[in-house]
$ cat model.pdb   # PDB, C-alpha atoms, pLDDT in the B column
ATOM      1  CA  MET X   9     -54.309 -37.117  15.291  1.00 83.00           C
ATOM      2  CA  ALA X  10     -51.863 -39.792  14.119  1.00 93.00           C
ATOM      3  CA  ILE X  11     -48.095 -39.409  14.296  1.00 97.00           C
ATOM      4  CA  THR X  12     -45.957 -40.696  11.436  1.00 97.00           C
ATOM      5  CA  ILE X  13     -42.208 -40.898  11.657  1.00 98.00           C
ATOM      6  CA  ASN X  14     -40.007 -41.503   8.628  1.00 98.00           C
ATOM      7  CA  ILE X  15     -36.694 -42.957   9.707  1.00 98.00           C
ATOM      8  CA  TYR X  16     -33.965 -43.232   7.095  1.00 98.00           C
ATOM      9  CA  TYR X  17     -31.392 -45.805   8.174  1.00 98.00           C
ATOM     10  CA  HIS X  18     -28.023 -45.202   6.499  1.00 98.00           C
ATOM     11  CA  GLY X  19     -25.228 -47.749   6.434  1.00 98.00           C
ATOM     12  CA  THR X  20     -22.521 -49.307   4.307  1.00 98.00           C
ATOM     13  CA  ASN X  21     -22.001 -52.705   2.696  1.00 98.00           C
ATOM     14  CA  GLY X  22     -25.743 -53.401   2.579  1.00 97.00           C
ATOM     15  CA  ASN X  23     -26.074 -53.142   6.364  1.00 98.00           C
ATOM     16  CA  ALA X  24     -29.290 -51.101   6.310  1.00 98.00           C
ATOM     17  CA  ARG X  25     -31.045 -53.830   4.333  1.00 97.00           C
ATOM     18  CA  LYS X  26     -29.527 -56.537   6.541  1.00 98.00           C
ATOM     19  CA  PHE X  27     -30.885 -54.665   9.556  1.00 98.00           C
ATOM     20  CA  ALA X  28     -34.404 -54.518   8.093  1.00 98.00           C
ATOM     21  CA  LYS X  29     -34.300 -58.205   7.184  1.00 98.00           C
ATOM     22  CA  GLU X  30     -33.180 -59.168  10.700  1.00 98.00           C
ATOM     23  CA  MET X  31     -35.847 -56.934  12.251  1.00 98.00           C
ATOM     24  CA  ILE X  32     -38.439 -58.903  10.290  1.00 98.00           C
ATOM     25  CA  SER X  33     -36.953 -62.403  10.631  1.00 98.00           C
ATOM     26  CA  SER X  34     -36.379 -62.038  14.379  1.00 97.00           C
ATOM     27  CA  GLY X  35     -40.043 -61.214  14.970  1.00 96.00           C
ATOM     28  CA  ILE X  36     -39.372 -57.719  16.296  1.00 96.00           C
ATOM     29  CA  VAL X  37     -41.405 -56.097  13.519  1.00 97.00           C
ATOM     30  CA  GLY X  38     -44.361 -58.390  14.197  1.00 97.00           C
ATOM     31  CA  ASP X  39     -44.194 -57.567  17.895  1.00 96.00           C
ATOM     32  CA  ILE X  40     -44.121 -53.827  17.176  1.00 96.00           C
ATOM     33  CA  ARG X  41     -47.081 -54.089  14.811  1.00 97.00           C
ATOM     34  CA  ALA X  42     -48.989 -55.877  17.600  1.00 96.00           C
ATOM     35  CA  GLU X  43     -48.365 -53.044  20.082  1.00 96.00           C
ATOM     36  CA  SER X  44     -51.435 -51.055  21.032  1.00 96.00           C
ATOM     37  CA  GLY X  45     -51.685 -47.892  18.953  1.00 97.00           C
ATOM     38  CA  ASN X  46     -49.434 -48.975  16.089  1.00 97.00           C
ATOM     39  CA  ILE X  47     -50.915 -48.092  12.715  1.00 97.00           C
ATOM     40  CA  ARG X  48     -48.028 -48.903  10.381  1.00 97.00           C
ATOM     41  CA  TYR X  49     -44.488 -50.224  10.535  1.00 98.00           C
ATOM     42  CA  GLU X  50     -43.111 -50.770   7.018  1.00 98.00           C
ATOM     43  CA  TYR X  51     -39.675 -50.747   5.408  1.00 98.00           C
ATOM     44  CA  PHE X  52     -39.028 -49.350   1.929  1.00 98.00           C
ATOM     45  CA  PHE X  53     -35.902 -49.301  -0.226  1.00 96.00           C
ATOM     46  CA  PRO X  54     -35.044 -46.161  -2.219  1.00 94.00           C
ATOM     47  CA  MET X  55     -34.417 -46.989  -5.864  1.00 95.00           C
ATOM     48  CA  ASN X  56     -31.382 -44.708  -6.109  1.00 95.00           C
ATOM     49  CA  ASP X  57     -29.649 -45.586  -2.824  1.00 96.00           C
ATOM     50  CA  ASN X  58     -28.739 -49.177  -1.921  1.00 95.00           C
ATOM     51  CA  GLU X  59     -27.293 -48.097   1.429  1.00 98.00           C
ATOM     52  CA  THR X  60     -30.484 -46.553   2.852  1.00 98.00           C
ATOM     53  CA  VAL X  61     -33.710 -48.066   4.155  1.00 98.00           C
ATOM     54  CA  LEU X  62     -36.806 -46.005   4.906  1.00 98.00           C
ATOM     55  CA  LEU X  63     -39.021 -47.019   7.819  1.00 98.00           C
ATOM     56  CA  ILE X  64     -42.516 -45.522   7.903  1.00 98.00           C
ATOM     57  CA  ASP X  65     -43.646 -45.816  11.505  1.00 97.00           C
ATOM     58  CA  SER X  66     -47.163 -44.562  12.422  1.00 97.00           C
ATOM     59  CA  TRP X  67     -48.912 -44.386  15.779  1.00 97.00           C
ATOM     60  CA  GLU X  68     -52.410 -43.379  16.888  1.00 96.00           C
ATOM     61  CA  ASN X  69     -51.112 -40.747  19.308  1.00 95.00           C
ATOM     62  CA  GLN X  70     -48.158 -39.584  21.392  1.00 95.00           C
ATOM     63  CA  LYS X  71     -49.134 -41.842  24.299  1.00 97.00           C
ATOM     64  CA  ALA X  72     -48.845 -44.965  22.105  1.00 97.00           C
ATOM     65  CA  LEU X  73     -45.504 -43.753  20.713  1.00 96.00           C
ATOM     66  CA  ASP X  74     -44.175 -43.022  24.206  1.00 96.00           C
ATOM     67  CA  PHE X  75     -45.192 -46.522  25.326  1.00 95.00           C
ATOM     68  CA  HIS X  76     -43.302 -47.990  22.352  1.00 95.00           C
ATOM     69  CA  HIS X  77     -40.215 -45.887  23.058  1.00 95.00           C
ATOM     70  CA  ASN X  78     -40.185 -47.138  26.666  1.00 95.00           C
ATOM     71  CA  SER X  79     -40.847 -50.782  25.791  1.00 92.00           C
ATOM     72  CA  PRO X  80     -38.242 -53.580  25.775  1.00 90.00           C
ATOM     73  CA  MET X  81     -38.597 -53.500  21.969  1.00 90.00           C
ATOM     74  CA  MET X  82     -36.501 -50.333  21.802  1.00 94.00           C
ATOM     75  CA  GLN X  83     -33.491 -52.016  23.396  1.00 95.00           C
ATOM     76  CA  LYS X  84     -33.656 -54.736  20.740  1.00 95.00           C
ATOM     77  CA  ILE X  85     -33.861 -52.124  17.974  1.00 97.00           C
ATOM     78  CA  ILE X  86     -30.957 -50.140  19.420  1.00 97.00           C
ATOM     79  CA  ALA X  87     -28.835 -53.290  19.680  1.00 97.00           C
ATOM     80  CA  LEU X  88     -29.456 -54.118  16.005  1.00 97.00           C
ATOM     81  CA  ARG X  89     -28.698 -50.534  14.938  1.00 97.00           C
ATOM     82  CA  GLU X  90     -25.376 -50.830  16.746  1.00 98.00           C
ATOM     83  CA  LYS X  91     -24.694 -54.279  15.273  1.00 98.00           C
ATOM     84  CA  TYR X  92     -25.080 -52.891  11.749  1.00 98.00           C
ATOM     85  CA  ASP X  93     -23.485 -49.491  12.540  1.00 98.00           C
ATOM     86  CA  LEU X  94     -26.442 -47.515  11.220  1.00 98.00           C
ATOM     87  CA  HIS X  95     -27.011 -43.776  11.351  1.00 98.00           C
ATOM     88  CA  MET X  96     -30.394 -42.142  11.031  1.00 98.00           C
ATOM     89  CA  THR X  97     -32.223 -39.177   9.601  1.00 98.00           C
ATOM     90  CA  VAL X  98     -35.690 -38.632  11.064  1.00 98.00           C
ATOM     91  CA  GLU X  99     -38.778 -36.735   9.900  1.00 98.00           C
ATOM     92  CA  ARG X 100     -41.903 -36.446  12.052  1.00 97.00           C
ATOM     93  CA  TYR X 101     -45.417 -35.662  10.799  1.00 96.00           C
ATOM     94  CA  ILE X 102     -48.711 -35.153  12.604  1.00 94.00           C
ATOM     95  CA  SER X 103     -51.852 -35.794  10.600  1.00 89.00           C
ATOM     96  CA  ASP X 104     -54.757 -33.424  10.470  1.00 79.00           C
ATOM     97  CA  GLU X 105     -58.345 -33.827   9.409  1.00 70.00           C
ATOM     98  CA  ALA X 106     -57.813 -32.138   6.040  1.00 70.00           C
ATOM     99  CA  THR X 107     -58.238 -34.364   3.046  1.00 72.00           C
ATOM    100  CA  ASP X 108     -57.373 -34.073  -0.597  1.00 76.00           C
ATOM    101  CA  LYS X 109     -59.828 -36.745  -1.782  1.00 75.00           C
ATOM    102  CA  ALA X 110     -60.529 -34.881  -5.014  1.00 78.00           C
ATOM    103  CA  PHE X 111     -56.917 -35.502  -6.061  1.00 78.00           C
ATOM    104  CA  VAL X 112     -56.638 -39.154  -5.022  1.00 74.00           C
ATOM    105  CA  ARG X 113     -57.350 -41.785  -7.660  1.00 81.00           C
ATOM    106  CA  LYS X 114     -58.581 -45.071  -6.260  1.00 79.00           C
TER
END
$ encode --input "model.pdb" --output "structure tokens"
Amino acid sequence: MAITINIYYHGTNGNARKFAKEMISSGIVGDIRAESGNIRYEYFFPMNDNETVLLIDSWENQKALDFHHNSPMMQKIIALREKYDLHMTVERYISDEATDKAFVRK
């Protein structure tokens, strides 16, 4: 059962996008993706909101997510959130085995 967390980073003056760019350029994103249990760590930019960045963050299970939350990586993330004065809205989803394959076009 995978856990997916959507984190909406909200800022001003383009700070949310600057944050995402620094997360990538500093290597933090690559390090997170290399953590055991990480499935996905991707940033997206809403078309109608230049001051928000969406992070889709997926983990194999709660144990992997807990390890990430207690890793030195979190202190780096927190420091960058503070640097760019970002606020967050968070949604959490747990996958199930149900599938809607009949409705998915490949």
$ resolve_selection --input "model.pdb" --expression "the PyMOL selection byres ((chain X and resi 18-35) around 8)" --output "short mmCIF file (atom, residue, chain, number, x, y, z; two decimals) with C-alpha atoms, in the coordinates of the input"
data_model
loop_
_atom_site.label_atom_id
_atom_site.label_comp_id
_atom_site.auth_asym_id
_atom_site.auth_seq_id
_atom_site.Cartn_x
_atom_site.Cartn_y
_atom_site.Cartn_z
CA TYR X 16 -33.97 -43.23 7.10
CA TYR X 17 -31.39 -45.80 8.17
CA ILE X 36 -39.37 -57.72 16.30
CA VAL X 37 -41.40 -56.10 13.52
CA GLY X 38 -44.36 -58.39 14.20
CA ASP X 39 -44.19 -57.57 17.90
CA TYR X 51 -39.67 -50.75 5.41
CA ASN X 58 -28.74 -49.18 -1.92
CA GLU X 59 -27.29 -48.10 1.43
CA THR X 60 -30.48 -46.55 2.85
CA VAL X 61 -33.71 -48.07 4.16
CA ILE X 85 -33.86 -52.12 17.97
CA LEU X 88 -29.46 -54.12 16.00
CA ARG X 89 -28.70 -50.53 14.94
CA TYR X 92 -25.08 -52.89 11.75
CA ASP X 93 -23.48 -49.49 12.54
CA LEU X 94 -26.44 -47.52 11.22
CA HIS X 95 -27.01 -43.78 11.35
CA MET X 96 -30.39 -42.14 11.03
CA THR X 97 -32.22 -39.18 9.60
#
$ atom_distance --input "model.pdb" --atom1 "CA of Asn14 in chain X" --atom2 "CA of Lys114 in chain X"
24.1 Å
$ residues_near_point --input "model.pdb" --point "(-47.3, -37.2, 19.6)" --cutoff "12 Å" --atoms "all atoms listed in the file" --output "PyMOL selection string"
chain X and resi 9-13+45+66-77+100-103
$ write_last_selection --input "model.pdb" --atoms "C-alpha atoms" --output "PDB file, in the frame of the given file"
ATOM      1  CA  MET X   9     -54.309 -37.117  15.291  1.00 83.00           C
ATOM      2  CA  ALA X  10     -51.863 -39.792  14.119  1.00 93.00           C
ATOM      3  CA  ILE X  11     -48.095 -39.409  14.296  1.00 97.00           C
ATOM      4  CA  THR X  12     -45.957 -40.696  11.436  1.00 97.00           C
ATOM      5  CA  ILE X  13     -42.208 -40.898  11.657  1.00 98.00           C
ATOM      6  CA  GLY X  45     -51.685 -47.892  18.953  1.00 97.00           C
ATOM      7  CA  SER X  66     -47.163 -44.562  12.422  1.00 97.00           C
ATOM      8  CA  TRP X  67     -48.912 -44.386  15.779  1.00 97.00           C
ATOM      9  CA  GLU X  68     -52.410 -43.379  16.888  1.00 96.00           C
ATOM     10  CA  ASN X  69     -51.112 -40.747  19.308  1.00 95.00           C
ATOM     11  CA  GLN X  70     -48.158 -39.584  21.392  1.00 95.00           C
ATOM     12  CA  LYS X  71     -49.134 -41.842  24.299  1.00 97.00           C
ATOM     13  CA  ALA X  72     -48.845 -44.965  22.105  1.00 97.00           C
ATOM     14  CA  LEU X  73     -45.504 -43.753  20.713  1.00 96.00           C
ATOM     15  CA  ASP X  74     -44.175 -43.022  24.206  1.00 96.00           C
ATOM     16  CA  PHE X  75     -45.192 -46.522  25.326  1.00 95.00           C
ATOM     17  CA  HIS X  76     -43.302 -47.990  22.352  1.00 95.00           C
ATOM     18  CA  HIS X  77     -40.215 -45.887  23.058  1.00 95.00           C
ATOM     19  CA  ARG X 100     -41.903 -36.446  12.052  1.00 97.00           C
ATOM     20  CA  TYR X 101     -45.417 -35.662  10.799  1.00 96.00           C
ATOM     21  CA  ILE X 102     -48.711 -35.153  12.604  1.00 94.00           C
ATOM     22  CA  SER X 103     -51.852 -35.794  10.600  1.00 89.00           C
TER      23      SER X 103
END
$ closest_residue --input "model.pdb" --among "X:Glu99, X:Asp65, X:Glu105, X:Glu90" --to "Ile40 in chain X" --atoms "all atoms listed in the file"
X:Asp65
$ atom_distance --input "model.pdb" --atom1 "CA of Glu50 in chain X" --atom2 "CA of Met81 in chain X"
15.9 Å
$ atom_distance --input "model.pdb" --atom1 "CA of Asp104 in chain X" --atom2 "CA of Ile47 in chain X"
15.3 Å
